[in-house]
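*Asks:* One structure coming up, written as structure tokens, with questions to follow.
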Amino acid sequence: MHIESVTGITLTDTNYSESSKIMNVLTKEHGLIGIMSKGCRKIKSKLRGVSRKMLYGKFYIYYKEGGLSTLISVDVINDFNNILKDLDKITYASYILELTNQVVKESTNHEEIFNILSSSLTKINDGFDSLTITLSVELKYLDFLGVSPNLSSCSICGSTDNILTLSVEGGGLICSSCYQEGLIVKPITIKLARMLYLVDISKISKIDVSKENLKELNNFISEYYDKYTGIYLKSKKMIEKITTFVEN
């Protein structure tokens, strides 16, 4: 092992022995790695406050490739303190962390996934609408899972004209000529899907989206994940409870 610094975000932390933790940290340099934080649960430990999930920092570690590294110290970049003060924000952020933990295992493009994760947590921490940011993350992550919907043309005939709706069964956009049955979403929802898929989350400066459009897109993405990804997360159920507000 050798001493190395890595930039990362802690996705999970699990108690180990009487006083330590094992953390799964998504890093720019090595992707997902395991880090042992020895003695961090002791009251006087200097590692106590930085050995938790949802912490963005520069981790100084004894790095062990293919094994469990050991934490030395952390320079905090963002502790996402505003998220930790708000239960709804915690719920969305926890879901994004859990989803990221699954997605990064299916892809070698860990740096791009890291950038999406860090940008999304930062925007939620800064007060941007949590559901809108989460929907953008979900759409982008479908690329890394290899099942991204067609949002540029009709999924059946390839036409870019007369796009009518989003279809889970059809795998994306459906034009009026190919449409046979199913829900027809509003045109603004289609534009919203395209925008959230293409936009660099870090560049978002304003979000003004109606609850109705968010509801339509959220329903589409949830059904799409169920059909094509095989990913079922407990935290998603909490998201679904929160998003019932759009029906009121």
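Residue numbering restarts at 1 for every chain of the structure tokens, chains are lettered A, B, ... in their displayed order, and ligands are numbered from 1 as they appear.
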I want to know what sits within 12 Å of Val199 in chain A, based on only C-alpha atoms, with residues of the same chain fewer than 4 positions away left out; could you give that as a ChimeraX atom specification?
*Replies:* /A:116,119-120,132-133,135-137,139-140,191-195,203-205,207
*Asks:* Export N, CA, C and O atoms of the chosen residues as a PDB file, in the first residue's frame?
*Replies:*
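Listed below is the output, again-v4.pdb:
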ATOM      1  N   ILE A 116     -21.758  13.793 -12.570  1.00  0.00           N
ATOM      2  CA  ILE A 116     -23.213  13.889 -12.473  1.00  0.00           C
ATOM      3  C   ILE A 116     -23.642  13.872 -11.012  1.00  0.00           C
ATOM      4  O   ILE A 116     -24.485  14.673 -10.576  1.00  0.00           O
ATOM      5  N   SER A 119     -22.558  17.167  -9.144  1.00  0.00           N
ATOM      6  CA  SER A 119     -23.365  18.308  -9.584  1.00  0.00           C
ATOM      7  C   SER A 119     -24.780  18.238  -9.037  1.00  0.00           C
ATOM      8  O   SER A 119     -25.350  19.252  -8.615  1.00  0.00           O
ATOM      9  N   SER A 120     -25.361  17.047  -9.034  1.00  0.00           N
ATOM     10  CA  SER A 120     -26.749  16.903  -8.571  1.00  0.00           C
ATOM     11  C   SER A 120     -26.869  17.179  -7.080  1.00  0.00           C
ATOM     12  O   SER A 120     -27.786  17.898  -6.638  1.00  0.00           O
ATOM     13  N   THR A 132     -36.761  17.582  -9.825  1.00  0.00           N
ATOM     14  CA  THR A 132     -36.273  17.898 -11.168  1.00  0.00           C
ATOM     15  C   THR A 132     -34.829  17.444 -11.348  1.00  0.00           C
ATOM     16  O   THR A 132     -34.473  16.834 -12.368  1.00  0.00           O
ATOM     17  N   ILE A 133     -33.989  17.715 -10.372  1.00  0.00           N
ATOM     18  CA  ILE A 133     -32.586  17.283 -10.438  1.00  0.00           C
ATOM     19  C   ILE A 133     -32.504  15.758 -10.469  1.00  0.00           C
ATOM     20  O   ILE A 133     -31.729  15.176 -11.237  1.00  0.00           O
ATOM     21  N   LEU A 135     -34.735  13.602 -11.588  1.00  0.00           N
ATOM     22  CA  LEU A 135     -35.178  13.101 -12.888  1.00  0.00           C
ATOM     23  C   LEU A 135     -34.068  13.232 -13.925  1.00  0.00           C
ATOM     24  O   LEU A 135     -33.875  12.345 -14.762  1.00  0.00           O
ATOM     25  N   SER A 136     -33.315  14.326 -13.864  1.00  0.00           N
ATOM     26  CA  SER A 136     -32.196  14.508 -14.783  1.00  0.00           C
ATOM     27  C   SER A 136     -31.129  13.438 -14.557  1.00  0.00           C
ATOM     28  O   SER A 136     -30.597  12.852 -15.518  1.00  0.00           O
ATOM     29  N   VAL A 137     -30.830  13.149 -13.299  1.00  0.00           N
ATOM     30  CA  VAL A 137     -29.854  12.098 -12.970  1.00  0.00           C
ATOM     31  C   VAL A 137     -30.336  10.746 -13.496  1.00  0.00           C
ATOM     32  O   VAL A 137     -29.564   9.997 -14.124  1.00  0.00           O
ATOM     33  N   LEU A 139     -32.375  10.029 -15.946  1.00  0.00           N
ATOM     34  CA  LEU A 139     -32.303   9.966 -17.409  1.00  0.00           C
ATOM     35  C   LEU A 139     -30.863   9.768 -17.876  1.00  0.00           C
ATOM     36  O   LEU A 139     -30.592   8.945 -18.756  1.00  0.00           O
ATOM     37  N   LYS A 140     -29.927  10.493 -17.293  1.00  0.00           N
ATOM     38  CA  LYS A 140     -28.532  10.386 -17.691  1.00  0.00           C
ATOM     39  C   LYS A 140     -27.950   9.016 -17.355  1.00  0.00           C
ATOM     40  O   LYS A 140     -27.174   8.450 -18.132  1.00  0.00           O
ATOM     41  N   LYS A 191     -40.440  17.982 -24.139  1.00  0.00           N
ATOM     42  CA  LYS A 191     -39.344  18.967 -24.135  1.00  0.00           C
ATOM     43  C   LYS A 191     -38.557  18.896 -22.835  1.00  0.00           C
ATOM     44  O   LYS A 191     -37.322  19.018 -22.830  1.00  0.00           O
ATOM     45  N   LEU A 192     -39.270  18.699 -21.729  1.00  0.00           N
ATOM     46  CA  LEU A 192     -38.627  18.599 -20.425  1.00  0.00           C
ATOM     47  C   LEU A 192     -37.704  17.377 -20.372  1.00  0.00           C
ATOM     48  O   LEU A 192     -36.577  17.458 -19.866  1.00  0.00           O
ATOM     49  N   ALA A 193     -38.180  16.242 -20.890  1.00  0.00           N
ATOM     50  CA  ALA A 193     -37.360  15.026 -20.906  1.00  0.00           C
ATOM     51  C   ALA A 193     -36.079  15.239 -21.701  1.00  0.00           C
ATOM     52  O   ALA A 193     -34.984  14.866 -21.264  1.00  0.00           O
ATOM     53  N   ARG A 194     -36.208  15.848 -22.873  1.00  0.00           N
ATOM     54  CA  ARG A 194     -35.039  16.113 -23.704  1.00  0.00           C
ATOM     55  C   ARG A 194     -34.060  17.050 -23.001  1.00  0.00           C
ATOM     56  O   ARG A 194     -32.843  16.842 -23.024  1.00  0.00           O
ATOM     57  N   MET A 195     -34.605  18.097 -22.387  1.00  0.00           N
ATOM     58  CA  MET A 195     -33.757  19.085 -21.727  1.00  0.00           C
ATOM     59  C   MET A 195     -32.999  18.485 -20.559  1.00  0.00           C
ATOM     60  O   MET A 195     -31.788  18.668 -20.422  1.00  0.00           O
ATOM     61  N   LYS A 203     -24.567  23.372 -14.919  1.00  0.00           N
ATOM     62  CA  LYS A 203     -24.832  24.646 -15.582  1.00  0.00           C
ATOM     63  C   LYS A 203     -26.259  25.145 -15.348  1.00  0.00           C
ATOM     64  O   LYS A 203     -26.610  26.239 -15.799  1.00  0.00           O
ATOM     65  N   ILE A 204     -27.085  24.374 -14.675  1.00  0.00           N
ATOM     66  CA  ILE A 204     -28.464  24.800 -14.423  1.00  0.00           C
ATOM     67  C   ILE A 204     -28.460  26.022 -13.506  1.00  0.00           C
ATOM     68  O   ILE A 204     -27.855  26.008 -12.449  1.00  0.00           O
ATOM     69  N   SER A 205     -29.145  27.075 -13.936  1.00  0.00           N
ATOM     70  CA  SER A 205     -29.215  28.305 -13.136  1.00  0.00           C
ATOM     71  C   SER A 205     -30.634  28.637 -12.704  1.00  0.00           C
ATOM     72  O   SER A 205     -30.842  29.429 -11.785  1.00  0.00           O
ATOM     73  N   ILE A 207     -34.824  26.772 -12.601  1.00  0.00           N
ATOM     74  CA  ILE A 207     -35.761  25.693 -12.917  1.00  0.00           C
ATOM     75  C   ILE A 207     -37.183  26.198 -12.695  1.00  0.00           C
ATOM     76  O   ILE A 207     -37.529  26.648 -11.611  1.00  0.00           O
TER      77      ILE A 207
END
*Asks:* Residues of range 5-225 of chain A classed as helix (DSSP H, G or I) by DSSP on the backbone are to be reported as a ChimeraX atom specification.
*Replies:* /A:48-50,81-84,87-106,110-125,130-145,187-198,201-203,211-225
*Asks:* Please determine, counting only C-alpha atoms, which residue among A:Ser73, A:Leu198, A:Thr91, A:Gly170 has the shortest atom-to-atom distance to Lys241 in chain A.
*Replies:*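 For Lys241 in chain A, the nearest of the candidates is A:Thr91.
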*Asks:* Counting only C-alpha atoms, which residue out of A:Val104, A:Cys175, A:Leu164, A:Ile72 sits closest to Lys46 in chain A?
*Replies:* A:Ile72
